[in-house]
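Enquirer: Input: one structure, supplied below.
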Amino acid sequence: MIIKKWLLQLSVLIAFLFLVFSLEQRGVVSTLGPPADNGQELRVVTGQKWLTLDPAAAGDPGSAYIINNIYEGLVRYKPGGLEPEPALATGWQVEDEGRQWIFQLRRGVKFHDGSPFDARAVKFSVDRVMAEKAKAPYSEMVFGMVDKVEVLDDYTVKFVLKQPYGPFLHNLAMPWAAPIVSPTAVKESGADFGRQPAGTGPFKLDKWQENTLVLTANEDYWQKPPRLKRVVFVYQADEEARLKSLAAGEADLADNICHRYNNWAQEQNLKVVQQTGLSINYLGYYTNKEPFSSARIRRAVTMAIDRDKLVNEVYGSAMPKGDSYIPPNVMGHDEAAKQYPYNIAESKRLLSQNGYPKGMSLTLITYRGPRPYNPAGGEQLALAVKEQLEAANIRVEVKSYPWEEYQEALRRQEGDCFLYGWVGDKGDPDNFLYTLLTSPQIERGLNLTRYQNAQIDRVLAGAQQLNDPQLRQRLYHTAQQTLLQESPLVLFNYGIDNAVIRSNIEGFKMQPVGGYYLYYVNKS
């Protein structure tokens, strides 16, 4: 046992030295320098570049990480969870069978520019997003069901919906589009508001440079002021460079770190914060054209893939494999859901009975590089799928594209099937099943399989309009049973969100929808 432990320590040391050597060989060196630290400054090295601090215009994770800490919505997700809780609203009532939502607002709150928060600010913020759909990428998703917003008095606001919509609170908790902005600041800053933000959150913008952004504590915050007085975000695209900054004591927190570094991080006395993310990784079939317009052919190809073996070989045992189309911890996730099992003999039999006695040839298209749900990259996953399918006489040609070109290839329906994934924007099952697998989403470009089933459309549209979570869950379980039989896609795994922090950082939790609340973080 002593020898084994010594060998393990030696292997970790070799890995660390190789990591440092590889960084130096590539010219990747830390430029942060020692922090001016009295226990009140947090340094974050992030792999996501921020583009704007206007929540109406934001559509990227890097911006959302910052927005989470500058602004607030009427509700927010509980720290580390998916359940909406009061924020700028203290309470609410749902009336007219779910068509009217009335919110009581928090009193005595001020924006960072000193102007007061009230019902008019709520209406201004929502109307602004709804009116600028071309500039607001999440306008339709967050407020597409809203007919109008009415100010009932200074601290009461009413949303009138076009139809009942059960996920509405989850929409209002999102970091995109939903946060409330200062009307005064928007009018004064105009087009520059994205770089001169004013929210009600615990931190406010102090400085924005090319790859560095500094927040300072909002000492007038309606709760107690945050314990951190200064937060410095530094953008470092290179994952290993972020780790080196952390190990050298030049940073306190590194996000977007692949789980393959977990053992190394722990050996460096760093803490790993990990959770199953709101993302799915899948192989999709074009169900509107041959050969995958046939459910039996889809079943045959699905059964030719040993998903357990594939996920283990491509990612290692840490990646959570999945069968339910809805990730864990989201309402509607079904532990009993099962995709068609791996069975080469049955796959060949189905192909033979349905016009392919000698197997078949397919073109599989994929993206280049890693994604949140696929840290190994699209090309490596495609080659693993190709190898497994060829054992069932399914010959595969792989074509890969840069990400932007790949989006165009998917719109043109190039190839026969494709690799893709989905990162959930809110902790609601509607964001997975309805978004990815209903007929109305084909025209919007989100249902890439082009799967159509009138019964599924009715069930999922009905689930949208319910406020009873138990009834909604029952409908999502029912819908998944049909979808698993129809097999428009093959689910491989759920993604993992990973961050690494120094051992003296307390209170840090990642949000399942992305980002983190730094208000709760402290340095011991």
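The way I read the labels, and the way they are meant: chains A, B, ... in the order of the structure tokens, residue 1 as the first residue of every chain, and ligand 1 as the first ligand shown, with later ones counted on from there.
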Tell me, as a list in words, which residues lie within 9 Å of Arg502 in chain A, counting only C-alpha atoms; anything in the same chain fewer than 3 positions away does not count.
Expert: Leu246, Ala247, Gly249, Ala251, Asp252, Leu253, Asn269, Leu270, Lys271, Val272 and Ile505 of chain A
Enquirer: Store the residues picked out above in a file with N, CA, C and O atoms, as a tab-separated table (two decimals), in the first residue's frame.
Expert:
chain	number	residue	atom	x	y	z
A	246	LEU	N	-4.07	30.10	-10.32
A	246	LEU	CA	-4.67	29.70	-9.05
A	246	LEU	C	-3.63	29.03	-8.15
A	246	LEU	O	-3.51	29.35	-6.96
A	247	ALA	N	-2.86	28.11	-8.72
A	247	ALA	CA	-1.87	27.37	-7.93
A	247	ALA	C	-0.77	28.31	-7.41
A	247	ALA	O	-0.20	28.08	-6.34
A	249	GLY	N	-1.22	31.28	-6.39
A	249	GLY	CA	-1.75	32.22	-5.41
A	249	GLY	C	-2.09	33.57	-6.00
A	249	GLY	O	-2.32	34.54	-5.25
A	251	ALA	N	-4.67	34.09	-8.04
A	251	ALA	CA	-6.12	34.14	-8.23
A	251	ALA	C	-6.77	33.30	-7.15
A	251	ALA	O	-6.12	32.45	-6.51
A	252	ASP	N	-8.03	33.55	-6.92
A	252	ASP	CA	-8.77	32.84	-5.87
A	252	ASP	C	-9.75	31.82	-6.43
A	252	ASP	O	-10.12	30.86	-5.75
A	253	LEU	N	-10.21	32.03	-7.66
A	253	LEU	CA	-11.27	31.21	-8.24
A	253	LEU	C	-11.03	31.09	-9.73
A	253	LEU	O	-10.76	32.09	-10.41
A	269	ASN	N	-3.87	21.28	-2.94
A	269	ASN	CA	-4.62	21.86	-1.82
A	269	ASN	C	-5.63	22.90	-2.29
A	269	ASN	O	-5.93	23.88	-1.61
A	270	LEU	N	-6.16	22.69	-3.49
A	270	LEU	CA	-7.23	23.51	-4.03
A	270	LEU	C	-8.54	22.76	-3.91
A	270	LEU	O	-8.55	21.52	-3.91
A	271	LYS	N	-9.63	23.47	-3.79
A	271	LYS	CA	-10.95	22.84	-3.66
A	271	LYS	C	-11.66	22.82	-5.01
A	271	LYS	O	-11.67	23.83	-5.72
A	272	VAL	N	-12.24	21.68	-5.31
A	272	VAL	CA	-13.02	21.53	-6.54
A	272	VAL	C	-14.50	21.68	-6.21
A	272	VAL	O	-15.01	21.04	-5.29
A	505	ILE	N	-11.47	30.11	0.49
A	505	ILE	CA	-12.69	30.71	-0.04
A	505	ILE	C	-13.90	29.98	0.55
A	505	ILE	O	-13.99	28.75	0.49
Enquirer: Apply DSSP to the backbone of this structure and, from range 258-466 of chain A, keep only the residues in alpha helix (DSSP H); write these as a PyMOL selection string.
Expert: chain A and resi 262-267+295-303+307-315+344-353+378-390+403-411+433-437+440-443+454-464
Enquirer: Work out how far CA of Glu72 in chain A is from CA of Asn218 in chain A, in Å to one decimal.
Expert: 12.9 Å
Enquirer: Do you know which residues are at most 10 Å from Arg106 in chain A counting only C-alpha atoms, after dropping those on the same chain fewer than 3 positions away, and could you put them as a list in words?
Expert: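 Listing them by chain and then by number gives Leu74, Pro86, Ala87, Leu88, Ala89, Thr90, Gly91, Phe103, Val109, Phe117, Asp118, Ala119, Tyr155, Thr156 and Trp222 of chain A.
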Enquirer: Keeping only C-alpha atoms, write the selected residues to a file as a compact mmCIF listing (two decimals), in the first residue's frame.
Expert:
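New file again.txt:
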# COMPACT_ATOMS: atom_id res chain seq x y z
CA LEU A 74 -38.19 40.29 -9.16
CA PRO A 86 -38.13 36.55 -3.69
CA ALA A 87 -35.62 39.22 -4.68
CA LEU A 88 -36.93 42.67 -5.65
CA ALA A 89 -40.43 41.29 -5.17
CA THR A 90 -41.45 40.31 -1.66
CA GLY A 91 -44.44 38.24 -2.75
CA PHE A 103 -46.05 41.25 -7.55
CA VAL A 109 -34.24 49.94 -2.67
CA PHE A 117 -36.56 51.28 -7.51
CA ASP A 118 -40.34 51.08 -7.98
CA ALA A 119 -43.08 49.61 -10.16
CA TYR A 155 -44.90 49.11 -5.25
CA THR A 156 -47.33 46.80 -7.05
CA TRP A 222 -30.79 46.68 0.62
Enquirer: Residues of range 449-509 of chain A within 7 Å of range 313-326 of chain A: nearest atom pair and distance (Å, one decimal) for each, counting only C-alpha atoms, sorted by chain and number, as a Markdown table?
Expert:
| residue | atom | partner | partner_atom | distance |
| --- | --- | --- | --- | --- |
| A:Leu491 | CA | A:Asp323 | CA | 6.3 |
| A:Phe492 | CA | A:Lys321 | CA | 6.0 |
| A:Asn493 | CA | A:Lys321 | CA | 4.1 |
| A:Tyr494 | CA | A:Pro320 | CA | 5.6 |
| A:Ile496 | CA | A:Met319 | CA | 6.8 |
Enquirer: Using only C-alpha atoms, which of A:Ala136, A:Ser439, A:Ala295, A:Val423 sits nearest Gln452 in chain A?
Expert: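 For Gln452 in chain A, the nearest of the given residues is A:Ser439.
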Enquirer: Can you pull out every residue within 8 Å of Arg450 in chain A, counting only C-alpha atoms, but drop anything in the same chain fewer than 2 positions away, and send it as an MDAnalysis selection string?
Expert: chainID A and resid 286:288 437 439 442 447:448 452
Enquirer: Write out as a list in words which residues come within 12 Å of Ser293 in chain A when counting only C-alpha atoms, dropping same-chain ones fewer than 3 positions away.
Expert: Tyr285, Tyr286, Thr287, Asn288, Lys289, Glu290, Arg296, Ile297, Arg298, Arg299, Asp416, Cys417, Thr449, Arg450, Tyr451, Gln452, Glu486, Ser487 and Pro488 of chain A
Enquirer: Using Å and a single decimal, report how far CA of Glu188 in chain A sits from CA of Val126 in chain A.
Expert: 18.2 Å
Enquirer: Env of range 60-63 of chain A: 9 Å cut, atoms = only C-alpha atoms, seq-sep filter 2 positions within chain, self excluded. Answer as a list in words.
Expert: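 Counting only C-alpha atoms, the residues come to Thr46, Gly47, Gln48, Lys49, Trp50, Leu51, Thr52, Leu53, Asp54, Pro55, Ala58, Tyr65, Ile66, Ile67, Asn68, Trp176, Gly514 and Gly515 of chain A.
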Enquirer: Please report the interatomic distance between CA of Trp92 in chain A and CA of Gln473 in chain A in Å with one decimal.
Expert: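 One can read the CA of Trp92 in chain A to CA of Gln473 in chain A distance as 22.9 Å.
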Enquirer: Identify, on the basis of only C-alpha atoms, every residue whose closest approach to Leu283 in chain A does not exceed 7 Å; exclude the query and any residue fewer than 5 positions from it along the same chain; express the result as a ChimeraX atom specification.
Expert: /A:418-420,489-491
Enquirer: Can you tell me, as a ChimeraX atom specification, which residues in range 124-153 of chain A count as strand (DSSP E) by DSSP?
Expert: /A:146-153
Enquirer: Smallest atom-to-atom distance to Met174 in chain A: which of A:Gly277, A:Pro440, A:Pro84, A:Pro429, using only C-alpha atoms?
Expert: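 Using only C-alpha atoms, Met174 in chain A sits closest to A:Pro84.
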Enquirer: When you count only C-alpha atoms, which of these residues is closest to Arg227 in chain A: A:Gly421, A:Gly194, A:Phe203, A:Glu404?
Expert: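 For Arg227 in chain A, the nearest of the candidates is A:Phe203.
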